[in-house]
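entry-v4.cif (mmCIF, C-alpha atoms (C1' of nucleotides))
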data_protein
loop_
_atom_site.label_atom_id
_atom_site.label_comp_id
_atom_site.auth_asym_id
_atom_site.auth_seq_id
_atom_site.Cartn_x
_atom_site.Cartn_y
_atom_site.Cartn_z
CA MET F 1 64.25 -16.38 12.02
CA VAL F 2 64.60 -18.36 15.19
CA ASP F 3 66.38 -21.67 15.70
CA HIS F 4 63.69 -22.56 18.22
CA ASP F 5 61.69 -20.22 20.34
CA ASP F 6 60.71 -21.71 23.67
CA GLU F 7 57.02 -20.85 23.43
CA PRO F 8 55.03 -24.03 24.06
CA GLU F 9 52.50 -24.97 21.42
CA GLY F 10 48.97 -26.06 22.09
CA LEU F 11 45.45 -24.90 22.73
CA SER F 12 44.49 -21.77 24.64
CA VAL F 13 41.91 -22.07 27.39
CA ALA F 14 39.11 -21.03 25.03
CA GLN F 15 40.22 -23.53 22.39
CA MET F 16 40.50 -26.26 25.02
CA ALA F 17 37.02 -25.43 26.26
CA GLU F 18 35.71 -25.69 22.72
CA THR F 19 37.52 -28.99 22.19
CA THR F 20 36.45 -30.71 25.39
CA GLY F 21 33.01 -29.20 25.79
CA VAL F 22 33.55 -27.69 29.22
CA THR F 23 33.84 -24.00 30.07
CA GLY F 24 37.15 -22.25 30.65
CA TYR F 25 35.99 -21.63 34.21
CA THR F 26 35.72 -25.35 34.73
CA LEU F 27 39.11 -26.08 33.20
CA ARG F 28 40.81 -23.63 35.58
CA TYR F 29 38.74 -24.94 38.48
CA TYR F 30 39.86 -28.50 37.73
CA GLU F 31 43.44 -27.32 37.78
CA ARG F 32 43.01 -25.61 41.15
CA ALA F 33 41.20 -28.68 42.44
CA GLY F 34 44.20 -30.85 41.57
CA LEU F 35 42.63 -32.79 38.73
CA ILE F 36 44.91 -31.29 36.10
CA SER F 37 48.52 -30.40 36.71
CA THR F 38 51.42 -28.58 35.08
CA ILE F 39 49.88 -27.20 31.94
CA PRO F 40 52.73 -25.54 29.98
CA ARG F 41 52.66 -21.74 29.93
CA THR F 42 53.72 -19.17 27.38
CA SER F 43 56.30 -16.55 28.37
CA GLY F 44 53.26 -14.40 29.16
CA ASN F 45 51.96 -17.02 31.62
CA GLN F 46 49.08 -18.22 29.49
CA ARG F 47 48.14 -21.90 29.35
CA ARG F 48 48.82 -24.05 26.30
CA TYR F 49 47.12 -27.44 26.42
CA ARG F 50 48.84 -30.32 24.62
CA ALA F 51 47.19 -33.35 22.98
CA THR F 52 47.88 -35.42 26.11
CA ASP F 53 46.07 -32.80 28.19
CA VAL F 54 43.06 -33.11 25.91
CA GLU F 55 43.09 -36.87 26.42
CA TRP F 56 43.39 -36.53 30.18
CA VAL F 57 40.50 -34.07 30.40
CA ARG F 58 38.37 -36.35 28.26
CA PHE F 59 39.13 -39.18 30.64
CA LEU F 60 38.21 -36.98 33.62
CA LEU F 61 34.90 -36.21 31.95
CA ARG F 62 34.27 -39.91 31.53
CA LEU F 63 34.84 -40.40 35.24
CA ARG F 64 32.60 -37.46 36.01
CA GLU F 65 29.80 -38.68 33.75
CA THR F 66 29.92 -42.03 35.49
CA GLY F 67 29.43 -40.41 38.86
CA MET F 68 32.92 -40.23 40.33
CA PRO F 69 33.26 -37.33 42.78
CA ILE F 70 35.99 -34.71 42.34
CA ALA F 71 37.86 -35.85 45.46
CA GLN F 72 38.27 -39.35 44.08
CA MET F 73 39.34 -38.07 40.68
CA ARG F 74 41.96 -36.03 42.48
CA ASN F 75 43.26 -39.15 44.23
CA TYR F 76 43.67 -40.78 40.86
CA ALA F 77 45.28 -37.68 39.38
CA VAL F 78 47.78 -37.51 42.23
CA LEU F 79 48.75 -41.17 41.74
CA ARG F 80 49.32 -40.44 38.07
CA THR F 81 51.93 -37.80 38.87
CA LYS F 82 53.95 -40.36 40.86
CA ASP F 83 54.25 -42.41 37.68
CA ASP F 84 55.28 -46.01 37.53
CA ASP F 85 54.94 -47.65 40.90
CA SER F 86 51.47 -46.19 41.27
CA LEU F 87 50.24 -48.44 38.47
CA ARG F 88 48.81 -50.99 40.86
CA PRO F 89 46.76 -48.59 43.00
CA ARG F 90 45.54 -46.86 39.87
CA LEU F 91 44.44 -50.19 38.43
CA ASP F 92 42.66 -50.96 41.68
CA MET F 93 40.82 -47.64 41.59
CA LEU F 94 39.77 -48.21 38.01
CA THR F 95 38.58 -51.71 38.83
CA ASP F 96 36.54 -50.49 41.78
CA HIS F 97 34.99 -47.75 39.72
CA HIS F 98 34.25 -50.17 36.92
CA GLU F 99 32.40 -52.44 39.33
CA ALA F 100 30.43 -49.49 40.72
CA LEU F 101 29.55 -48.46 37.18
CA ARG F 102 28.29 -51.93 36.31
CA ARG F 103 26.05 -51.88 39.37
CA GLN F 104 24.83 -48.41 38.48
CA ILE F 105 23.88 -49.57 34.99
CA LYS F 106 22.04 -52.59 36.42
CA THR F 107 20.05 -50.33 38.75
CA LEU F 108 19.15 -47.97 35.93
CA GLN F 109 18.07 -50.87 33.77
CA ALA F 110 15.72 -52.03 36.52
CA HIS F 111 14.30 -48.51 36.76
CA GLU F 112 13.94 -48.43 32.99
CA ARG F 113 11.86 -51.62 33.03
CA ALA F 114 9.65 -50.31 35.83
CA LEU F 115 9.13 -47.02 34.02
CA ARG F 116 8.37 -48.79 30.76
CA SER F 117 5.71 -50.85 32.46
CA LYS F 118 4.20 -47.81 34.15
CA ILE F 119 4.04 -46.06 30.80
CA ALA F 120 2.22 -49.05 29.31
CA THR F 121 -0.37 -48.80 32.07
CA TYR F 122 -0.74 -45.08 31.47
CA ARG F 123 -1.16 -45.53 27.74
CA GLN F 124 -3.98 -47.97 28.38
CA MET F 125 -5.63 -45.52 30.77
CA VAL F 126 -5.35 -42.67 28.30
CA ALA F 127 -6.75 -44.85 25.52
CA ASP F 128 -9.69 -45.91 27.71
CA THR F 129 -10.45 -42.30 28.64
CA GLU F 130 -10.46 -41.23 25.00
CA ASN F 131 -12.74 -44.14 24.09
CA GLU F 132 -15.27 -43.17 26.75
CA GLU F 133 -15.35 -39.62 25.45
CA THR F 134 -15.82 -40.69 21.86
CA ALA F 135 -18.42 -43.30 22.83
CA ASP F 136 -20.99 -40.59 23.58
CA ASP F 137 -21.29 -39.55 19.94
CA MET V 1 -14.74 -49.80 72.59
CA VAL V 2 -15.14 -47.13 69.96
CA ASP V 3 -17.48 -47.26 66.97
CA HIS V 4 -14.76 -45.45 65.00
CA ASP V 5 -12.28 -42.95 66.25
CA ASP V 6 -11.21 -40.53 63.56
CA GLU V 7 -7.49 -40.99 64.08
CA PRO V 8 -5.93 -41.88 60.71
CA GLU V 9 -3.88 -45.05 60.63
CA GLY V 10 -0.48 -45.39 59.04
CA LEU V 11 3.22 -44.95 59.51
CA SER V 12 4.82 -42.20 61.58
CA VAL V 13 7.62 -40.20 60.01
CA ALA V 14 10.27 -42.43 61.60
CA GLN V 15 8.52 -45.58 60.39
CA MET V 16 8.13 -44.12 56.91
CA ALA V 17 11.81 -43.23 56.89
CA GLU V 18 12.68 -46.80 57.85
CA THR V 19 10.35 -48.18 55.18
CA THR V 20 11.49 -46.03 52.28
CA GLY V 21 15.14 -45.67 53.19
CA VAL V 22 15.21 -41.88 53.31
CA THR V 23 15.56 -39.72 56.43
CA GLY V 24 12.64 -38.02 58.14
CA TYR V 25 14.27 -34.72 57.27
CA THR V 26 14.05 -35.62 53.61
CA LEU V 27 10.42 -36.73 53.83
CA ARG V 28 9.41 -33.40 55.35
CA TYR V 29 11.56 -31.55 52.84
CA TYR V 30 9.85 -33.34 49.96
CA GLU V 31 6.51 -32.30 51.37
CA ARG V 32 7.57 -28.66 51.65
CA ALA V 33 9.02 -28.88 48.16
CA GLY V 34 5.67 -29.96 46.77
CA LEU V 35 6.60 -33.55 45.91
CA ILE V 36 4.29 -35.05 48.50
CA SER V 37 0.94 -33.59 49.43
CA THR V 38 -1.81 -33.97 52.00
CA ILE V 39 -0.44 -36.62 54.32
CA PRO V 40 -3.23 -37.36 56.85
CA ARG V 41 -2.61 -36.02 60.36
CA THR V 42 -3.57 -37.26 63.80
CA SER V 43 -5.59 -35.01 66.08
CA GLY V 44 -2.20 -33.99 67.46
CA ASN V 45 -1.03 -32.88 64.00
CA GLN V 46 1.39 -35.74 63.43
CA ARG V 47 1.75 -37.35 60.02
CA ARG V 48 0.43 -40.82 59.27
CA TYR V 49 1.61 -42.20 55.94
CA ARG V 50 -0.70 -44.65 54.11
CA ALA V 51 0.28 -47.50 51.79
CA THR V 52 -0.34 -45.25 48.77
CA ASP V 53 2.05 -42.69 50.22
CA VAL V 54 4.71 -45.37 50.51
CA GLU V 55 4.17 -46.24 46.85
CA TRP V 56 4.34 -42.63 45.78
CA VAL V 57 7.58 -41.99 47.68
CA ARG V 58 9.09 -45.12 46.17
CA PHE V 59 8.18 -43.83 42.74
CA LEU V 60 9.74 -40.45 43.56
CA LEU V 61 12.93 -42.23 44.56
CA ARG V 62 12.94 -44.05 41.26
CA LEU V 63 12.70 -40.72 39.46
CA ARG V 64 15.45 -39.31 41.65
CA GLU V 65 17.77 -42.25 41.09
CA THR V 66 17.31 -41.84 37.37
CA GLY V 67 18.42 -38.25 37.54
CA MET V 68 15.18 -36.27 37.49
CA PRO V 69 15.56 -32.91 39.27
CA ILE V 70 13.23 -31.95 42.13
CA ALA V 71 11.57 -29.19 40.09
CA GLN V 72 10.49 -31.66 37.42
CA MET V 73 9.25 -34.15 40.00
CA ARG V 74 7.18 -31.34 41.45
CA ASN V 75 5.63 -30.64 38.05
CA TYR V 76 4.60 -34.27 37.85
CA ALA V 77 3.32 -34.26 41.44
CA VAL V 78 1.21 -31.18 40.75
CA LEU V 79 -0.36 -32.80 37.69
CA ARG V 80 -1.22 -35.83 39.79
CA THR V 81 -3.27 -33.71 42.18
CA LYS V 82 -5.43 -32.50 39.27
CA ASP V 83 -6.37 -36.11 38.64
CA ASP V 84 -7.97 -37.41 35.50
CA ASP V 85 -7.55 -34.91 32.70
CA SER V 86 -3.86 -34.62 33.54
CA LEU V 87 -3.30 -38.20 32.39
CA ARG V 88 -2.04 -37.13 28.99
CA PRO V 89 0.58 -34.61 30.18
CA ARG V 90 1.71 -37.07 32.82
CA LEU V 91 2.13 -39.77 30.21
CA ASP V 92 4.11 -37.34 28.09
CA MET V 93 6.41 -36.51 30.99
CA LEU V 94 6.97 -40.18 31.71
CA THR V 95 7.68 -40.88 28.07
CA ASP V 96 10.20 -38.05 27.87
CA HIS V 97 11.92 -39.20 31.02
CA HIS V 98 11.99 -42.77 29.77
CA GLU V 99 13.69 -41.66 26.58
CA ALA V 100 16.24 -39.65 28.58
CA LEU V 101 16.87 -42.66 30.76
CA ARG V 102 17.47 -44.91 27.77
CA ARG V 103 20.00 -42.42 26.42
CA GLN V 104 21.65 -42.18 29.83
CA ILE V 105 22.03 -45.97 29.98
CA LYS V 106 23.51 -46.03 26.48
CA THR V 107 26.05 -43.38 27.46
CA LEU V 108 27.04 -45.25 30.60
CA GLN V 109 27.41 -48.47 28.63
CA ALA V 110 29.81 -46.71 26.26
CA HIS V 111 31.78 -45.44 29.26
CA GLU V 112 31.77 -48.94 30.71
CA ARG V 113 33.30 -50.37 27.55
CA ALA V 114 35.97 -47.66 27.46
CA LEU V 115 36.82 -48.23 31.10
CA ARG V 116 36.96 -52.00 30.62
CA SER V 117 39.41 -51.57 27.79
CA LYS V 118 41.54 -49.14 29.78
CA ILE V 119 41.63 -51.61 32.63
CA ALA V 120 42.80 -54.34 30.26
CA THR V 121 45.65 -52.10 29.16
CA TYR V 122 46.54 -51.37 32.77
CA ARG V 123 46.50 -55.04 33.71
CA GLN V 124 48.95 -55.73 30.92
CA MET V 125 51.22 -52.91 32.09
CA VAL V 126 51.13 -54.13 35.68
CA ALA V 127 51.89 -57.69 34.57
CA ASP V 128 54.83 -56.47 32.45
CA THR V 129 56.24 -54.46 35.33
CA GLU V 130 56.02 -57.41 37.68
CA ASN V 131 57.75 -59.64 35.11
CA GLU V 132 60.65 -57.23 34.75
CA GLU V 133 61.13 -57.16 38.50
CA THR V 134 61.08 -60.93 38.80
CA ALA V 135 63.37 -61.34 35.80
CA ASP V 136 66.35 -60.04 37.77
CA ASP V 137 66.41 -63.07 40.07
"C1'" DC X 1 51.48 2.21 19.22
"C1'" DT X 2 46.96 1.49 20.65
"C1'" DA X 3 42.27 -0.59 21.20
"C1'" DG X 4 39.99 -4.35 22.60
"C1'" DA X 5 39.58 -9.25 23.11
"C1'" DA X 6 41.42 -12.93 25.69
"C1'" DC X 7 44.01 -14.10 29.33
"C1'" DT X 8 45.62 -14.23 34.62
"C1'" DT X 9 44.52 -14.74 39.86
"C1'" DA X 10 42.02 -15.10 44.27
"C1'" DG X 11 38.02 -15.24 46.08
"C1'" DA X 12 32.89 -14.51 46.17
"C1'" DG X 13 28.42 -16.35 44.76
"C1'" DC X 14 25.10 -19.70 43.26
"C1'" DA X 15 21.97 -23.87 42.48
"C1'" DC X 16 20.87 -28.09 44.20
"C1'" DG X 17 19.48 -31.36 47.55
"C1'" DC X 18 19.49 -32.23 51.52
"C1'" DT X 19 20.61 -31.87 56.82
"C1'" DC X 20 20.36 -29.85 61.01
"C1'" DT X 21 18.87 -26.52 64.80
"C1'" DA X 22 15.78 -24.25 67.89
"C1'" DA X 23 11.85 -23.88 70.28
"C1'" DG X 24 7.97 -25.76 71.20
"C1'" DT X 25 4.04 -29.78 71.23
"C1'" DC X 26 2.48 -34.58 71.55
"C1'" DC X 27 2.35 -39.14 73.25
"C1'" DA X 28 3.46 -43.49 75.75
"C1'" DT X 29 4.95 -45.16 80.25
"C1'" DC X 30 5.71 -45.21 85.09
"C1'" DG T 1 0.65 -36.12 86.21
"C1'" DA T 2 5.48 -36.12 85.13
"C1'" DT T 3 9.40 -37.59 82.34
"C1'" DG T 4 11.55 -38.56 78.00
"C1'" DG T 5 11.39 -39.66 73.28
"C1'" DA T 6 9.19 -38.58 68.96
"C1'" DC T 7 6.94 -35.19 66.79
"C1'" DT T 8 5.96 -30.12 64.80
"C1'" DT T 9 7.58 -25.69 62.26
"C1'" DA T 10 10.48 -22.15 60.05
"C1'" DG T 11 14.60 -21.20 58.82
"C1'" DA T 12 19.75 -21.62 58.92
"C1'" DG T 13 23.72 -24.28 57.34
"C1'" DC T 14 26.35 -27.41 54.47
"C1'" DG T 15 28.80 -30.15 50.66
"C1'" DT T 16 29.40 -30.39 45.88
"C1'" DG T 17 30.52 -28.58 41.61
"C1'" DC T 18 30.72 -25.26 39.26
"C1'" DT T 19 30.20 -20.06 37.71
"C1'" DC T 20 31.17 -15.50 37.94
"C1'" DT T 21 33.55 -11.04 39.41
"C1'" DA T 22 37.25 -7.80 39.94
"C1'" DA T 23 41.40 -6.03 38.94
"C1'" DG T 24 45.11 -6.46 36.44
"C1'" DT T 25 48.21 -8.49 32.28
"C1'" DT T 26 48.99 -10.27 27.55
"C1'" DC T 27 48.10 -10.90 22.89
"C1'" DT T 28 46.43 -9.64 18.15
"C1'" DA T 29 45.03 -6.67 14.55
"C1'" DG T 30 44.93 -2.26 12.48
#
The structure given in the file should be rewritten as structure tokens.
Amino acid sequence: MVDHDDEPEGLSVAQMAETTGVTGYTLRYYERAGLISTIPRTSGNQRRYRATDVEWVRFLLRLRETGMPIAQMRNYAVLRTKDDDSLRPRLDMLTDHHEALRRQIKTLQAHERALRSKIATYRQMVADTENEETADD
Amino acid sequence: MVDHDDEPEGLSVAQMAETTGVTGYTLRYYERAGLISTIPRTSGNQRRYRATDVEWVRFLLRLRETGMPIAQMRNYAVLRTKDDDSLRPRLDMLTDHHEALRRQIKTLQAHERALRSKIATYRQMVADTENEETADD
DNA sequence: CTAGAACTTAGAGCACGCTCTAAGTCCATC
DNA sequence: GATGGACTTAGAGCGTGCTCTAAGTTCTAG
């Protein structure tokens, strides 16, 4: 019986990978790259990810999926470690990224319309071709 | 006066780069990669891009900007060279890509909402912090 | 107490999409 | 007809973001 043993609780790398959908390689790479910091370790030096770490990685993945490069994510991550008076610059970064994301979506929507119209043209061409072929019967 | 000289008309690489917004390096790379084929050449072996080539490159850029990898663009480009009976597979590729694009936009829109809400939270936190500081006066 | 699966690190390797270099040719202008 | 800028090719190099390897340590189950 132990009053409290000092082993941190949380997810192992493999469990964290499973939970977040990235590989263990990537999780360790993100840590080396400065995107993730100070994951608690067991007495045997193994990582134990907490709930807050899961949330942070999920946020990183959101940034990644919206096209933010690693270097910029690191800037944000570094600000986060300086806590409170970095709120403003963090907000500014988020706002900038949000604006970029809105533009990105607008561009994709324009591409989607163009593609849709091209597909309509193609469908017509395919239909015409098939009609010609059947017309010979 | 010449009845017709056989020099093809059109844009040089530099002019094509200017027109499409990619570098000359990239245009030649796309040709090597099989995305662009049979650009007419002058008697001195220099490329002359026609209006249809401009259109094709613009379409390639649309595919690129919507996340299609080079290998897949090449597949499409190869089909195009086989002309008419490749209409169906080309239509299928376009349809698949269109569906992928729609999903991509949906995902980004979800990220946009999440980011917008996070920003709102941040704005509140920044406002609160600034109030505290001013409250001491 | 031991076998083997999972973990650790630093660093090498890889896939992608360009981007540039080198060495030589072409073309417009004086 | 010479000079300089744009062109040609094949192939090397680069930035990004992982992905894997090697060699060693830790954890878990029997």
| query | Skipping near chain neighbours, those fewer than 4 positions away, what residues fall within 10 Å of X:DC14 using only C-alpha atoms (C1' of nucleotides), listed as a list in words? | reply | DC18, DT19 and DC20 of chain T
| request: Work out how far apart atom CA of F:Ile119 and atom CA of V:Arg32 are and give it in Å to one decimal. | output: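 Computed distance, atom CA of F:Ile119 to atom CA of V:Arg32, equals 27.4 Å.
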| field | Residues selected by the PyMOL selection byres ((chain V) within 12 of (chain T)), written as a list in words | value |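 Applied to this file, the PyMOL selection byres ((chain V) within 12 of (chain T)) selects Ser12, Val13, Ala14, Gln15, Gly24, Arg28, Tyr29, Arg32, Arg41, Thr42, Gly44, Asn45, Gln46, Arg47 and Arg48 of chain V.
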Emit the selected residues as a short mmCIF file (atom, residue, chain, number, x, y, z; two decimals), in the coordinates of the input, including C-alpha atoms.
data_model
loop_
_atom_site.label_atom_id
_atom_site.label_comp_id
_atom_site.auth_asym_id
_atom_site.auth_seq_id
_atom_site.Cartn_x
_atom_site.Cartn_y
_atom_site.Cartn_z
CA SER V 12 4.82 -42.20 61.58
CA VAL V 13 7.62 -40.20 60.01
CA ALA V 14 10.27 -42.43 61.60
CA GLN V 15 8.52 -45.58 60.39
CA GLY V 24 12.64 -38.02 58.14
CA ARG V 28 9.41 -33.40 55.35
CA TYR V 29 11.56 -31.55 52.84
CA ARG V 32 7.57 -28.66 51.65
CA ARG V 41 -2.61 -36.02 60.36
CA THR V 42 -3.57 -37.26 63.80
CA GLY V 44 -2.20 -33.99 67.46
CA ASN V 45 -1.03 -32.88 64.00
CA GLN V 46 1.39 -35.74 63.43
CA ARG V 47 1.75 -37.35 60.02
CA ARG V 48 0.43 -40.82 59.27
#
| For F:Arg64: contacts at 12 Å, all atoms listed in the file, fewer than 3 positions along chain excluded, given as a list in words | Val22, Tyr30, Leu35, Val57, Arg58, Phe59, Leu60, Leu61, Gly67, Met68, Pro69, Ile70, Ala71, Gln72, Met73, Arg74, His97 and Leu101 of chain F; Leu108 and His111 of chain V; DG17 of chain T
All Cα atoms, paired in order, least squares: that's the fit I need for chain V onto chain F, output as a JSON list (two decimals) with C-alpha atoms, in the coordinates of the input.
[["chain", "number", "residue", "atom", "x", "y", "z"],
["V", 1, "MET", "CA", 63.78, -17.26, 11.49],
["V", 2, "VAL", "CA", 64.32, -18.79, 14.89],
["V", 3, "ASP", "CA", 66.29, -21.95, 15.65],
["V", 4, "HIS", "CA", 63.70, -22.70, 18.34],
["V", 5, "ASP", "CA", 61.78, -20.28, 20.44],
["V", 6, "ASP", "CA", 60.83, -21.73, 23.79],
["V", 7, "GLU", "CA", 57.15, -20.84, 23.56],
["V", 8, "PRO", "CA", 55.14, -24.03, 24.17],
["V", 9, "GLU", "CA", 52.62, -24.92, 21.50],
["V", 10, "GLY", "CA", 49.06, -25.99, 22.15],
["V", 11, "LEU", "CA", 45.55, -24.84, 22.77],
["V", 12, "SER", "CA", 44.61, -21.70, 24.69],
["V", 13, "VAL", "CA", 42.01, -22.01, 27.42],
["V", 14, "ALA", "CA", 39.22, -20.93, 25.05],
["V", 15, "GLN", "CA", 40.33, -23.44, 22.42],
["V", 16, "MET", "CA", 40.58, -26.19, 25.03],
["V", 17, "ALA", "CA", 37.10, -25.32, 26.25],
["V", 18, "GLU", "CA", 35.79, -25.58, 22.69],
["V", 19, "THR", "CA", 37.60, -28.89, 22.17],
["V", 20, "THR", "CA", 36.51, -30.62, 25.36],
["V", 21, "GLY", "CA", 33.07, -29.10, 25.74],
["V", 22, "VAL", "CA", 33.60, -27.62, 29.19],
["V", 23, "THR", "CA", 33.92, -23.92, 30.05],
["V", 24, "GLY", "CA", 37.22, -22.18, 30.66],
["V", 25, "TYR", "CA", 36.05, -21.56, 34.20],
["V", 26, "THR", "CA", 35.75, -25.29, 34.72],
["V", 27, "LEU", "CA", 39.16, -26.03, 33.23],
["V", 28, "ARG", "CA", 40.83, -23.60, 35.62],
["V", 29, "TYR", "CA", 38.74, -24.92, 38.49],
["V", 30, "TYR", "CA", 39.85, -28.48, 37.74],
["V", 31, "GLU", "CA", 43.44, -27.31, 37.82],
["V", 32, "ARG", "CA", 42.99, -25.59, 41.18],
["V", 33, "ALA", "CA", 41.17, -28.67, 42.44],
["V", 34, "GLY", "CA", 44.16, -30.84, 41.61],
["V", 35, "LEU", "CA", 42.60, -32.78, 38.72],
["V", 36, "ILE", "CA", 44.90, -31.28, 36.13],
["V", 37, "SER", "CA", 48.51, -30.41, 36.77],
["V", 38, "THR", "CA", 51.42, -28.60, 35.16],
["V", 39, "ILE", "CA", 49.90, -27.20, 32.00],
["V", 40, "PRO", "CA", 52.79, -25.56, 30.07],
["V", 41, "ARG", "CA", 52.75, -21.75, 30.05],
["V", 42, "THR", "CA", 53.85, -19.17, 27.52],
["V", 43, "SER", "CA", 56.42, -16.57, 28.52],
["V", 44, "GLY", "CA", 53.39, -14.42, 29.31],
["V", 45, "ASN", "CA", 52.05, -17.03, 31.75],
["V", 46, "GLN", "CA", 49.17, -18.21, 29.59],
["V", 47, "ARG", "CA", 48.22, -21.87, 29.42],
["V", 48, "ARG", "CA", 48.90, -24.01, 26.36],
["V", 49, "TYR", "CA", 47.19, -27.39, 26.47],
["V", 50, "ARG", "CA", 48.89, -30.30, 24.65],
["V", 51, "ALA", "CA", 47.25, -33.31, 23.00],
["V", 52, "THR", "CA", 47.90, -35.38, 26.14],
["V", 53, "ASP", "CA", 46.09, -32.77, 28.21],
["V", 54, "VAL", "CA", 43.09, -33.05, 25.91],
["V", 55, "GLU", "CA", 43.11, -36.82, 26.42],
["V", 56, "TRP", "CA", 43.40, -36.49, 30.17],
["V", 57, "VAL", "CA", 40.51, -34.01, 30.39],
["V", 58, "ARG", "CA", 38.38, -36.29, 28.23],
["V", 59, "PHE", "CA", 39.13, -39.13, 30.61],
["V", 60, "LEU", "CA", 38.20, -36.93, 33.58],
["V", 61, "LEU", "CA", 34.89, -36.16, 31.91],
["V", 62, "ARG", "CA", 34.26, -39.85, 31.47],
["V", 63, "LEU", "CA", 34.83, -40.35, 35.18],
["V", 64, "ARG", "CA", 32.57, -37.41, 35.95],
["V", 65, "GLU", "CA", 29.78, -38.62, 33.70],
["V", 66, "THR", "CA", 29.91, -41.97, 35.42],
["V", 67, "GLY", "CA", 29.40, -40.37, 38.79],
["V", 68, "MET", "CA", 32.88, -40.20, 40.28],
["V", 69, "PRO", "CA", 33.21, -37.30, 42.75],
["V", 70, "ILE", "CA", 35.94, -34.68, 42.32],
["V", 71, "ALA", "CA", 37.79, -35.82, 45.45],
["V", 72, "GLN", "CA", 38.20, -39.33, 44.06],
["V", 73, "MET", "CA", 39.29, -38.03, 40.67],
["V", 74, "ARG", "CA", 41.91, -36.01, 42.49],
["V", 75, "ASN", "CA", 43.20, -39.13, 44.24],
["V", 76, "TYR", "CA", 43.62, -40.77, 40.87],
["V", 77, "ALA", "CA", 45.25, -37.65, 39.40],
["V", 78, "VAL", "CA", 47.73, -37.51, 42.27],
["V", 79, "LEU", "CA", 48.71, -41.15, 41.75],
["V", 80, "ARG", "CA", 49.30, -40.43, 38.09],
["V", 81, "THR", "CA", 51.89, -37.78, 38.92],
["V", 82, "LYS", "CA", 53.90, -40.36, 40.90],
["V", 83, "ASP", "CA", 54.20, -42.37, 37.71],
["V", 84, "ASP", "CA", 55.25, -45.97, 37.52],
["V", 85, "ASP", "CA", 54.93, -47.60, 40.92],
["V", 86, "SER", "CA", 51.44, -46.15, 41.26],
["V", 87, "LEU", "CA", 50.22, -48.41, 38.45],
["V", 88, "ARG", "CA", 48.80, -50.97, 40.85],
["V", 89, "PRO", "CA", 46.73, -48.57, 43.00],
["V", 90, "ARG", "CA", 45.51, -46.84, 39.87],
["V", 91, "LEU", "CA", 44.41, -50.15, 38.40],
["V", 92, "ASP", "CA", 42.63, -50.93, 41.64],
["V", 93, "MET", "CA", 40.79, -47.61, 41.57],
["V", 94, "LEU", "CA", 39.75, -48.17, 37.98],
["V", 95, "THR", "CA", 38.57, -51.67, 38.77],
["V", 96, "ASP", "CA", 36.51, -50.46, 41.72],
["V", 97, "HIS", "CA", 34.97, -47.71, 39.66],
["V", 98, "HIS", "CA", 34.22, -50.12, 36.85],
["V", 99, "GLU", "CA", 32.39, -52.41, 39.25],
["V", 100, "ALA", "CA", 30.40, -49.45, 40.62],
["V", 101, "LEU", "CA", 29.54, -48.43, 37.10],
["V", 102, "ARG", "CA", 28.29, -51.89, 36.21],
["V", 103, "ARG", "CA", 26.06, -51.86, 39.28],
["V", 104, "GLN", "CA", 24.82, -48.38, 38.40],
["V", 105, "ILE", "CA", 23.88, -49.54, 34.89],
["V", 106, "LYS", "CA", 22.05, -52.56, 36.31],
["V", 107, "THR", "CA", 20.07, -50.32, 38.65],
["V", 108, "LEU", "CA", 19.13, -47.95, 35.85],
["V", 109, "GLN", "CA", 18.06, -50.86, 33.67],
["V", 110, "ALA", "CA", 15.74, -52.04, 36.43],
["V", 111, "HIS", "CA", 14.30, -48.53, 36.69],
["V", 112, "GLU", "CA", 13.92, -48.44, 32.92],
["V", 113, "ARG", "CA", 11.87, -51.63, 32.95],
["V", 114, "ALA", "CA", 9.66, -50.34, 35.76],
["V", 115, "LEU", "CA", 9.11, -47.06, 33.96],
["V", 116, "ARG", "CA", 8.34, -48.83, 30.68],
["V", 117, "SER", "CA", 5.71, -50.91, 32.40],
["V", 118, "LYS", "CA", 4.19, -47.88, 34.12],
["V", 119, "ILE", "CA", 4.02, -46.12, 30.79],
["V", 120, "ALA", "CA", 2.20, -49.10, 29.28],
["V", 121, "THR", "CA", -0.37, -48.88, 32.06],
["V", 122, "TYR", "CA", -0.76, -45.16, 31.48],
["V", 123, "ARG", "CA", -1.19, -45.61, 27.74],
["V", 124, "GLN", "CA", -3.99, -48.05, 28.41],
["V", 125, "MET", "CA", -5.66, -45.62, 30.81],
["V", 126, "VAL", "CA", -5.40, -42.76, 28.33],
["V", 127, "ALA", "CA", -6.81, -44.94, 25.55],
["V", 128, "ASP", "CA", -9.73, -46.01, 27.78],
["V", 129, "THR", "CA", -10.51, -42.42, 28.70],
["V", 130, "GLU", "CA", -10.51, -41.34, 25.08],
["V", 131, "ASN", "CA", -12.81, -44.25, 24.17],
["V", 132, "GLU", "CA", -15.33, -43.27, 26.84],
["V", 133, "GLU", "CA", -15.40, -39.72, 25.55],
["V", 134, "THR", "CA", -15.91, -40.80, 21.96],
["V", 135, "ALA", "CA", -18.53, -43.36, 22.95],
["V", 136, "ASP", "CA", -21.05, -40.63, 23.72],
["V", 137, "ASP", "CA", -21.35, -39.58, 20.08]]
| task | Residues of chain X near chain V: apply a cut-off of 10 Å, count all atoms listed in the file, and supply the list as an NGL selection string. | result | :X and (16-20 or 25-27)
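The residues caught by the PyMOL selection byres ((chain F) within 7 of (chain V)) in this file are Arg62, Thr66, Leu87, Arg88, Leu91, Leu94, Thr95, His98, Leu101, Ile105, Leu108, His111, Glu112, Leu115, Ile119, Tyr122 and Val126 of chain F.
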| task | Between atom CA of F:Ile36 and atom CA of F:Asp53, measure the distance and give it in Å to one decimal. | result |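 Those two atoms sit 8.1 Å apart.
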| message | Between atom CA of F:Gly10 and atom C1' of X:DA5, what distance in Å does the model show, to one decimal? | response | 19.3 Å
